[in-house]
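Engineer: Next comes work-v7.cif, mmCIF, C-alpha atoms:
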```
data_my_file
#
loop_
_atom_site.label_atom_id
_atom_site.label_comp_id
_atom_site.auth_asym_id
_atom_site.auth_seq_id
_atom_site.Cartn_x
_atom_site.Cartn_y
_atom_site.Cartn_z
CA MET W 1 30.48 3.26 7.46
CA ILE W 2 29.10 0.51 9.67
CA PRO W 3 31.65 -0.02 12.46
CA ILE W 4 33.25 -3.43 12.25
CA GLU W 5 33.34 -3.44 16.03
CA LEU W 6 29.59 -4.17 16.09
CA SER W 7 30.40 -7.71 15.00
CA SER W 8 31.83 -8.38 18.47
CA LEU W 9 28.34 -8.13 20.01
CA LYS W 10 27.84 -11.87 20.13
CA LYS W 11 24.46 -11.73 21.86
CA LEU W 12 22.95 -9.16 19.49
CA ASN W 13 19.68 -10.45 18.07
CA HIS W 14 18.31 -7.29 16.44
CA LEU W 15 20.08 -4.42 14.73
CA SER W 16 18.34 -1.39 13.23
CA LEU W 17 20.37 1.25 11.40
CA GLU W 18 17.74 2.42 8.93
CA LEU W 19 17.19 6.01 7.82
CA ASN W 20 20.77 7.21 8.29
CA ASN W 21 23.51 8.30 5.95
CA LEU W 22 25.63 5.17 6.21
CA THR W 23 27.83 4.26 3.26
CA GLY W 24 30.26 1.51 2.35
CA PHE W 25 29.82 -2.21 2.78
CA ILE W 26 28.30 -4.50 5.38
CA PRO W 27 31.28 -5.97 7.29
CA THR W 28 31.77 -9.62 6.42
CA SER W 29 32.32 -10.29 10.12
CA PHE W 30 28.59 -9.71 10.61
CA GLY W 31 28.28 -13.28 9.45
CA ASN W 32 29.62 -14.30 12.86
CA LEU W 33 26.66 -12.78 14.71
CA SER W 34 25.08 -16.15 15.35
CA ALA W 35 22.37 -14.71 17.61
CA LEU W 36 21.22 -12.15 15.06
CA ARG W 37 17.61 -12.65 14.01
CA GLY W 38 16.73 -9.32 12.45
CA ILE W 39 18.61 -6.53 10.75
CA SER W 40 17.28 -3.37 9.14
CA LEU W 41 19.57 -1.22 7.01
CA ALA W 42 16.94 0.43 4.86
CA ALA W 43 17.22 3.94 3.43
CA ASN W 44 21.01 4.21 3.52
CA ASN W 45 23.69 4.13 0.82
CA ILE W 46 25.08 0.72 1.69
CA LYS W 47 26.29 -1.49 -1.12
CA GLY W 48 27.66 -4.98 -1.60
CA THR W 49 26.22 -8.28 -0.42
CA ILE W 50 24.68 -9.47 2.82
CA PRO W 51 27.11 -11.80 4.63
CA THR W 52 26.03 -15.39 5.25
CA ASN W 53 24.28 -15.92 8.57
CA HIS W 54 21.41 -17.89 9.97
CA LEU W 55 18.77 -15.18 9.94
CA THR W 56 15.13 -16.06 10.38
CA GLY W 57 11.87 -14.21 9.99
CA THR W 58 10.83 -12.21 6.96
CA LEU W 59 12.67 -9.81 4.69
CA PRO W 60 11.50 -6.18 4.85
CA ALA W 61 8.64 -5.62 2.41
CA ASN W 62 10.08 -2.30 1.28
CA ILE W 63 13.59 -3.48 0.52
CA GLY W 64 13.11 -3.02 -3.21
CA LEU W 65 12.02 0.59 -2.70
CA THR W 66 14.47 1.75 -0.05
CA SER W 67 17.46 0.15 -1.80
CA PRO W 68 16.93 1.13 -5.46
CA ASN W 69 20.64 0.97 -6.27
CA LEU W 70 21.26 -2.46 -4.83
CA GLN W 71 23.41 -4.54 -7.19
CA GLY W 72 24.25 -7.49 -4.98
CA PHE W 73 21.97 -9.37 -2.61
CA GLY W 74 23.14 -12.53 -0.90
CA CYS W 75 20.92 -14.24 1.65
CA ALA W 76 21.81 -17.92 1.28
CA ASN W 77 21.90 -20.39 4.17
CA ASN W 78 19.24 -18.68 6.23
CA ASN W 79 15.75 -19.55 7.37
CA PHE W 80 13.65 -16.79 5.84
CA HIS W 81 10.01 -17.55 5.24
CA GLY W 82 7.09 -15.82 3.59
CA GLU W 83 7.54 -13.79 0.42
CA ILE W 84 10.76 -12.56 -1.06
CA PRO W 85 9.72 -8.91 -1.35
CA GLY W 86 9.97 -6.76 -4.44
CA LEU W 87 13.51 -6.88 -5.74
CA ASP W 88 12.26 -5.73 -9.09
CA PHE W 89 13.08 -2.38 -10.69
CA ASN W 90 16.70 -2.55 -9.51
CA ASN W 91 20.03 -2.97 -11.27
CA PHE W 92 20.65 -6.63 -10.60
CA GLY W 93 22.80 -8.22 -13.27
CA GLY W 94 24.58 -11.49 -13.92
CA GLU W 95 22.93 -14.88 -13.87
CA ILE W 96 20.48 -16.46 -11.47
CA PRO W 97 22.72 -18.46 -9.09
CA SER W 98 22.25 -22.18 -8.76
CA THR W 99 22.00 -21.70 -4.98
CA ILE W 100 18.54 -20.25 -5.50
CA GLY W 101 17.29 -23.80 -5.19
CA ASN W 102 18.32 -23.76 -1.53
CA LEU W 103 15.66 -21.21 -0.61
CA SER W 104 13.26 -22.42 2.03
CA ASP W 105 10.17 -24.29 0.92
CA GLN W 106 8.21 -21.79 3.02
CA LEU W 107 8.99 -18.98 0.58
CA ASN W 108 5.98 -18.42 -1.62
CA ARG W 109 6.88 -15.64 -4.05
CA LEU W 110 10.01 -14.70 -6.00
CA SER W 111 10.13 -11.46 -7.98
CA LEU W 112 13.28 -10.34 -9.79
CA ALA W 113 11.50 -8.44 -12.55
CA HIS W 114 12.78 -5.35 -14.36
CA ASN W 115 16.47 -5.94 -13.80
CA HIS W 116 19.40 -6.91 -16.02
CA ILE W 117 19.56 -10.61 -15.21
CA SER W 118 20.99 -12.71 -18.03
CA GLY W 119 21.80 -16.33 -18.77
CA ILE W 120 19.44 -19.28 -18.76
CA ILE W 121 16.78 -20.29 -16.27
CA PRO W 122 18.82 -22.56 -13.98
CA ALA W 123 17.86 -26.12 -13.14
CA ALA W 124 17.83 -25.12 -9.47
CA ILE W 125 14.48 -23.39 -10.07
CA GLU W 126 13.03 -26.89 -10.12
CA SER W 127 13.59 -27.12 -6.36
CA LEU W 128 11.49 -24.07 -5.49
CA ALA W 129 8.15 -24.58 -3.83
CA ASN W 130 6.90 -21.01 -4.21
CA ASN W 131 3.61 -20.20 -5.88
CA ALA W 132 4.62 -17.14 -7.90
CA LEU W 133 7.63 -16.55 -10.16
CA TYR W 134 8.13 -13.11 -11.72
CA LEU W 135 11.23 -12.80 -13.94
CA GLU W 136 9.85 -10.43 -16.57
CA ASN W 137 11.78 -7.71 -18.37
CA ASN W 138 15.26 -9.10 -17.93
CA LEU W 139 17.81 -10.50 -20.39
CA LEU W 140 17.15 -14.20 -19.89
CA SER W 141 17.92 -16.40 -22.89
CA GLY W 142 17.74 -20.03 -23.90
CA PRO W 143 14.64 -22.22 -23.70
CA ILE W 144 11.94 -22.41 -21.08
CA PRO W 145 13.03 -25.66 -19.38
CA SER W 146 10.62 -28.56 -19.38
CA PHE W 147 11.29 -29.09 -15.68
CA MET W 148 9.17 -26.01 -15.02
CA GLY W 149 6.26 -28.41 -15.22
CA LYS W 150 7.37 -29.83 -11.87
CA LEU W 151 6.52 -26.59 -10.07
CA ARG W 152 3.11 -27.96 -9.11
CA ASN W 153 2.44 -25.20 -6.55
CA LEU W 154 3.01 -22.41 -9.04
CA GLN W 155 0.07 -20.08 -9.57
CA ALA W 156 1.73 -17.23 -11.47
CA LEU W 157 4.46 -17.56 -14.11
CA VAL W 158 5.61 -14.31 -15.72
CA LEU W 159 8.59 -14.45 -18.10
CA LYS W 160 7.63 -11.72 -20.56
CA GLY W 161 10.12 -9.28 -22.03
CA ASN W 162 13.17 -11.55 -22.15
CA LYS W 163 15.09 -13.27 -24.96
CA LEU W 164 13.79 -16.77 -24.42
CA ARG W 165 13.84 -19.10 -27.42
CA GLY W 166 12.63 -22.54 -28.37
CA GLN W 167 9.21 -24.04 -27.90
CA ILE W 168 6.75 -23.59 -25.09
CA PRO W 169 7.15 -26.83 -23.11
CA SER W 170 4.03 -28.96 -23.00
CA SER W 171 4.89 -29.74 -19.37
CA LEU W 172 3.45 -26.35 -18.37
CA GLY W 173 0.10 -28.06 -18.69
CA ASN W 174 1.03 -30.04 -15.57
CA ILE W 175 0.89 -26.89 -13.43
CA THR W 176 -2.84 -27.01 -12.94
CA LEU W 177 -2.95 -24.31 -10.22
CA LEU W 178 -1.79 -21.57 -12.58
CA TYR W 179 -4.03 -18.54 -12.82
CA LEU W 180 -1.53 -16.40 -14.76
CA ILE W 181 0.87 -17.26 -17.60
CA ASP W 182 2.64 -14.43 -19.42
CA LEU W 183 5.35 -15.42 -21.88
CA SER W 184 4.88 -12.44 -24.19
CA ASP W 185 7.59 -10.48 -25.97
CA ASN W 186 10.17 -13.24 -26.32
CA LYS W 187 11.49 -15.25 -29.27
CA LEU W 188 9.50 -18.42 -28.68
CA GLU W 189 8.60 -20.57 -31.66
CA GLY W 190 6.64 -23.64 -32.63
CA ASN W 191 3.05 -24.47 -31.77
CA ILE W 192 0.97 -23.58 -28.75
CA PRO W 193 0.82 -26.78 -26.68
CA ALA W 194 -2.69 -28.20 -26.39
CA SER W 195 -1.78 -29.22 -22.84
CA ILE W 196 -2.20 -25.60 -21.73
CA GLY W 197 -5.89 -26.44 -21.76
CA ASN W 198 -5.26 -28.49 -18.61
CA CYS W 199 -4.72 -25.26 -16.67
CA LYS W 200 -8.37 -24.95 -15.72
CA LYS W 201 -7.83 -22.08 -13.26
CA LEU W 202 -6.24 -19.64 -15.68
CA ASN W 203 -7.72 -16.18 -15.82
CA GLN W 204 -4.95 -14.55 -17.83
CA LEU W 205 -2.92 -16.05 -20.70
CA ASP W 206 -0.54 -14.00 -22.85
CA PHE W 207 1.67 -15.55 -25.57
CA SER W 208 1.78 -12.41 -27.74
CA GLN W 209 4.78 -11.03 -29.63
CA ASN W 210 6.58 -14.30 -30.23
CA ASN W 211 7.27 -16.41 -33.33
CA LEU W 212 4.60 -19.03 -32.73
CA ILE W 213 2.96 -20.80 -35.65
CA GLY W 214 0.10 -23.19 -36.33
CA PRO W 215 -3.51 -23.16 -35.16
CA ILE W 216 -4.96 -22.22 -31.79
CA PRO W 217 -5.69 -25.48 -29.95
CA ASP W 218 -9.38 -25.92 -29.23
CA SER W 219 -8.45 -26.73 -25.64
CA VAL W 220 -6.96 -23.26 -25.10
CA VAL W 221 -10.10 -21.37 -26.15
CA SER W 222 -12.13 -23.75 -24.02
CA ILE W 223 -10.60 -22.66 -20.71
CA PHE W 224 -13.79 -21.44 -19.07
CA SER W 225 -11.90 -19.73 -16.22
CA LEU W 226 -10.23 -17.19 -18.53
CA SER W 227 -11.73 -13.94 -17.34
CA LEU W 228 -9.13 -11.20 -17.81
CA VAL W 229 -7.06 -11.62 -20.97
CA LEU W 230 -6.40 -14.08 -23.76
CA ASN W 231 -3.72 -12.46 -25.90
CA LEU W 232 -2.35 -14.42 -28.85
CA SER W 233 -1.52 -11.40 -31.02
CA ARG W 234 1.45 -10.52 -33.21
CA LYS W 235 2.58 -13.99 -34.23
CA SER W 236 2.15 -16.20 -37.29
CA LEU W 237 -0.75 -18.30 -36.15
CA THR W 238 -2.82 -19.85 -38.92
CA GLY W 239 -6.08 -21.67 -39.46
CA SER W 240 -9.45 -20.44 -38.30
CA LEU W 241 -10.58 -18.98 -35.00
CA PRO W 242 -12.12 -22.04 -33.31
CA VAL W 243 -15.86 -21.98 -32.70
CA GLU W 244 -14.99 -23.08 -29.16
CA VAL W 245 -14.10 -19.43 -28.49
CA GLY W 246 -17.73 -19.09 -27.48
CA ARG W 247 -16.94 -21.00 -24.30
CA LEU W 248 -15.02 -17.99 -22.96
CA LYS W 249 -18.12 -16.71 -21.22
CA ASN W 250 -16.19 -14.57 -18.75
CA ILE W 251 -13.36 -13.19 -20.91
CA ASN W 252 -12.84 -9.41 -20.73
CA LYS W 253 -10.20 -8.99 -23.45
CA LEU W 254 -9.59 -11.18 -26.49
CA ASP W 255 -6.73 -10.27 -28.82
CA VAL W 256 -5.84 -12.45 -31.83
CA SER W 257 -4.71 -9.54 -34.02
CA ASN W 258 -1.87 -9.52 -36.54
CA ASN W 259 -1.73 -13.20 -37.31
CA LYS W 260 -2.61 -15.18 -40.45
CA PHE W 261 -6.06 -16.43 -39.53
CA THR W 262 -8.50 -17.21 -42.32
CA GLY W 263 -12.14 -18.20 -42.56
CA SER W 264 -15.05 -16.31 -41.12
CA ILE W 265 -15.45 -14.71 -37.72
CA PRO W 266 -17.31 -17.37 -35.72
CA GLU W 267 -20.77 -16.31 -34.59
CA THR W 268 -20.16 -18.16 -31.33
CA ILE W 269 -18.01 -15.24 -30.20
CA ALA W 270 -21.31 -13.50 -29.44
CA ALA W 271 -21.61 -15.83 -26.43
CA CYS W 272 -18.66 -14.08 -24.78
CA LEU W 273 -20.99 -11.71 -23.00
CA SER W 274 -18.29 -10.26 -20.71
CA LEU W 275 -16.16 -9.05 -23.62
CA GLU W 276 -15.17 -5.38 -23.48
CA TYR W 277 -12.13 -5.46 -25.78
CA LEU W 278 -12.07 -7.46 -29.00
CA TYR W 279 -9.13 -7.18 -31.41
CA ILE W 280 -9.19 -9.25 -34.62
CA GLN W 281 -7.41 -6.81 -36.96
CA GLY W 282 -4.56 -7.70 -39.29
CA ASN W 283 -5.68 -11.14 -40.39
CA PHE W 284 -7.36 -12.70 -43.46
CA PHE W 285 -10.88 -13.15 -42.15
CA HIS W 286 -13.51 -13.00 -44.89
CA GLY W 287 -17.25 -13.03 -45.14
CA SER W 288 -19.60 -10.67 -43.38
CA ILE W 289 -19.49 -9.21 -39.91
CA PRO W 290 -21.74 -11.49 -37.86
CA SER W 291 -24.90 -9.68 -36.81
CA ALA W 292 -24.77 -11.79 -33.65
CA LEU W 293 -22.00 -9.51 -32.38
CA ALA W 294 -24.78 -7.14 -31.34
CA ALA W 295 -25.15 -9.35 -28.27
CA LEU W 296 -21.89 -7.96 -26.92
CA LYS W 297 -23.59 -5.16 -25.02
CA GLY W 298 -20.53 -4.36 -22.90
CA ILE W 299 -18.07 -3.94 -25.77
CA ARG W 300 -15.89 -0.82 -25.48
CA GLU W 301 -13.27 -1.37 -28.17
CA LEU W 302 -13.81 -3.35 -31.39
CA ASP W 303 -11.18 -3.59 -34.11
CA LEU W 304 -11.91 -5.69 -37.22
CA SER W 305 -9.70 -3.67 -39.56
CA GLN W 306 -7.23 -4.97 -42.16
CA ASN W 307 -9.09 -8.12 -43.07
CA ASN W 308 -11.08 -9.24 -46.12
CA LEU W 309 -14.51 -8.68 -44.64
CA SER W 310 -17.33 -7.86 -47.06
CA GLY W 311 -21.02 -7.08 -47.08
CA GLU W 312 -22.82 -4.39 -45.16
CA ILE W 313 -22.00 -3.04 -41.73
CA PRO W 314 -24.67 -4.49 -39.42
CA GLU W 315 -27.14 -1.86 -38.30
CA ASP W 316 -27.27 -3.50 -34.89
CA MET W 317 -23.86 -2.05 -34.11
CA GLU W 318 -25.63 1.11 -33.10
CA LYS W 319 -26.86 -0.81 -30.06
CA PHE W 320 -23.41 -0.88 -28.43
CA PRO W 321 -24.07 1.54 -25.54
CA TYR W 322 -20.47 1.60 -24.21
CA LEU W 323 -18.53 1.53 -27.49
CA GLN W 324 -15.63 4.01 -27.47
CA TYR W 325 -13.44 2.72 -30.30
CA LEU W 326 -14.53 1.11 -33.57
CA ASN W 327 -12.19 0.35 -36.48
CA LEU W 328 -13.52 -1.38 -39.59
CA SER W 329 -11.04 0.14 -42.05
CA PHE W 330 -9.20 -1.67 -44.85
CA ASN W 331 -11.89 -4.21 -45.63
CA GLU W 332 -14.36 -4.57 -48.49
CA LEU W 333 -17.44 -3.42 -46.64
CA LYS W 334 -20.22 -1.53 -48.35
CA GLY W 335 -23.48 0.18 -47.63
#
```
Can I see the file as structure tokens?
Structural biologist:
Amino acid sequence: MIPIELSSLKKLNHLSLELNNLTGFIPTSFGNLSALRGISLAANNIKGTIPTNHLTGTLPANIGLTSPNLQGFGCANNNFHGEIPGLDFNNFGGEIPSTIGNLSDQLNRLSLAHNHISGIIPAAIESLANNALYLENNLLSGPIPSFMGKLRNLQALVLKGNKLRGQIPSSLGNITLLYLIDLSDNKLEGNIPASIGNCKKLNQLDFSQNNLIGPIPDSVVSIFSLSLVLNLSRKSLTGSLPVEVGRLKNINKLDVSNNKFTGSIPETIAACLSLEYLYIQGNFFHGSIPSALAALKGIRELDLSQNNLSGEIPEDMEKFPYLQYLNLSFNELKG
């Protein structure tokens, strides 16, 4: 155990006890060490919470790795700056405390992913000034609050793998610095807000595995910056695939599979010259396979299966030099 007597060292400004076999709790009297500026307890078997103090500096970057069994972590009323390091892949449970809004405006990243955090996203999140929020693979429920749109400095928002319900708030379109939005694998419903098209710096957008309905807004498939992924699969989206999809000149992966899209596959998709992965399967597309797809010289995986496509398979498909996976099954093709 950590000796309680250490708390009498009133002038102590740094304490390192890492890489020992210490057990038990951090003495609450450590909160009286007013001169303490740094403490390292990594790679022990200590449990419980960190007593309130006025610590400054940064949190150890490896805290999430060296304390994999940590179940309580209290660091309120301090002056930490920089990133909150990886606290993901732990066993944190309970709700996000409202005091989270008291974190310094110098903190720029909060990651609590892959834990057992439940409850709603608290209103205190609105007070954060950080630029990245990772809360994926927890047990969060309720709606995505509209006040999230006030997080104007946010560049990455990852809420996938929770139990969030309700509609995607249109206010997310106010966060124009976002380069990553991942809301996949939740229970979200309603339409995709057209305001998402205001996020002109996005390079990855994933709304897959929800209960969304309606058409894809033209503004979403017109986000020229999308370069990694646009994933709108496994929902109940309807209508046609907008011809504006051709504006995604830099997109690497496009997945609109397992929806209820109708109409023909737009020939403009051939303008997406950076495409390597194209998944359109499980819809109601009809007509022929556009011969213009032969322009996609970098395509590696192409799945057009389980549609109502007809006509002949374009001979130009033999010109795909990097193609590794091709699925055209369950259509009405001939030749």
Engineer: Could you check which residues have any atom within 12 Å of (-0.8, -21.8, -17.1), counting all atoms listed in the file with coordinates taken straight from the file, and then list them as a count of residues only?
Structural biologist: 49
Engineer: Give the answer as one residue: which of W:Leu275, W:Leu304, W:Val243, W:Ala124 has the shortest atom-to-atom distance to Ser257 (chain W), using only C-alpha atoms?
Structural biologist: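 Ranked by minimum distance to Ser257 (chain W), first place goes to W:Leu304.
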Engineer: If we count all atoms listed in the file, what is near Ile269 (chain W) at a cut-off of 12 Å, once residues fewer than 5 positions away on the same chain are taken out, given as an MDAnalysis selection string?
Structural biologist: chainID W and resid 221 241:251 254 264 274:275 278 280 289:296
Engineer: Measure the distance from CA of Asn21 (chain W) to CA of Met1 (chain W) in Å and round it to one decimal.
Structural biologist: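 Here the two named atoms are 8.7 Å from each other.
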Engineer: If you measure from CA of Ala113 (chain W) to CA of Ser98 (chain W), what distance in Å do you get, rounded to one decimal?
Structural biologist: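 About the pair CA of Ala113 (chain W) and CA of Ser98 (chain W): they are 17.9 Å apart.
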Engineer: Check what the PyMOL selection byres ((chain W and resi 329) around 12) selects in the file above and give those residues as a list of chain:residue names.
Structural biologist: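 Applying the expression gives W:Gln281, W:Gly282, W:Leu302, W:Asp303, W:Leu304, W:Ser305, W:Gln306, W:Asn307, W:Asn308, W:Leu309, W:Ser310, W:Ile313, W:Leu326, W:Asn327, W:Leu328, W:Phe330, W:Asn331, W:Glu332, W:Leu333, W:Lys334.
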Engineer: Those residues you just picked out, can you put them in a file as a PDB file, in the frame of the given file with C-alpha atoms?
Structural biologist:
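The resulting file, out_26.pdb, is shown below:
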```
ATOM      1  CA  GLN W 281      -7.410  -6.810 -36.960  1.00  0.00           C
ATOM      2  CA  GLY W 282      -4.560  -7.700 -39.290  1.00  0.00           C
ATOM      3  CA  LEU W 302     -13.810  -3.350 -31.390  1.00  0.00           C
ATOM      4  CA  ASP W 303     -11.180  -3.590 -34.110  1.00  0.00           C
ATOM      5  CA  LEU W 304     -11.910  -5.690 -37.220  1.00  0.00           C
ATOM      6  CA  SER W 305      -9.700  -3.670 -39.560  1.00  0.00           C
ATOM      7  CA  GLN W 306      -7.230  -4.970 -42.160  1.00  0.00           C
ATOM      8  CA  ASN W 307      -9.090  -8.120 -43.070  1.00  0.00           C
ATOM      9  CA  ASN W 308     -11.080  -9.240 -46.120  1.00  0.00           C
ATOM     10  CA  LEU W 309     -14.510  -8.680 -44.640  1.00  0.00           C
ATOM     11  CA  SER W 310     -17.330  -7.860 -47.060  1.00  0.00           C
ATOM     12  CA  ILE W 313     -22.000  -3.040 -41.730  1.00  0.00           C
ATOM     13  CA  LEU W 326     -14.530   1.110 -33.570  1.00  0.00           C
ATOM     14  CA  ASN W 327     -12.190   0.350 -36.480  1.00  0.00           C
ATOM     15  CA  LEU W 328     -13.520  -1.380 -39.590  1.00  0.00           C
ATOM     16  CA  PHE W 330      -9.200  -1.670 -44.850  1.00  0.00           C
ATOM     17  CA  ASN W 331     -11.890  -4.210 -45.630  1.00  0.00           C
ATOM     18  CA  GLU W 332     -14.360  -4.570 -48.490  1.00  0.00           C
ATOM     19  CA  LEU W 333     -17.440  -3.420 -46.640  1.00  0.00           C
ATOM     20  CA  LYS W 334     -20.220  -1.530 -48.350  1.00  0.00           C
TER      21      LYS W 334
END
```
Engineer: Quick one: which residues end up in the PyMOL selection byres ((chain W and resi 96) around 10) for this structure, as JSON, numbers by chain?
Structural biologist: {"W": [92, 93, 94, 95, 97, 98, 99, 100, 112, 117, 118, 119, 120, 121, 122, 124, 125, 140]}
Engineer: Mind pulling up the distance from CA of Asp255 (chain W) to CA of Tyr277 (chain W)?
Structural biologist: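 Value for the CA of Tyr277 (chain W)-CA of Asp255 (chain W) distance: 7.8 Å.
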Engineer: I'd like the residues picked by the PyMOL selection byres ((chain W and resi 234) around 10) written out as an MDAnalysis selection string, using the chain letters and numbers from the file.
Structural biologist: chainID W and resid 184:185 207:212 231:233 235:237 255:260 282
Engineer: Nearest to Asn108 (chain W): which of W:Ala123, W:Asn191, W:Leu133, W:Gly298 is it, counting all atoms listed in the file?
Structural biologist: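 Checking each of W:Ala123, W:Asn191, W:Leu133, W:Gly298 against Asn108 (chain W), counting all atoms listed in the file, the winner is W:Leu133.
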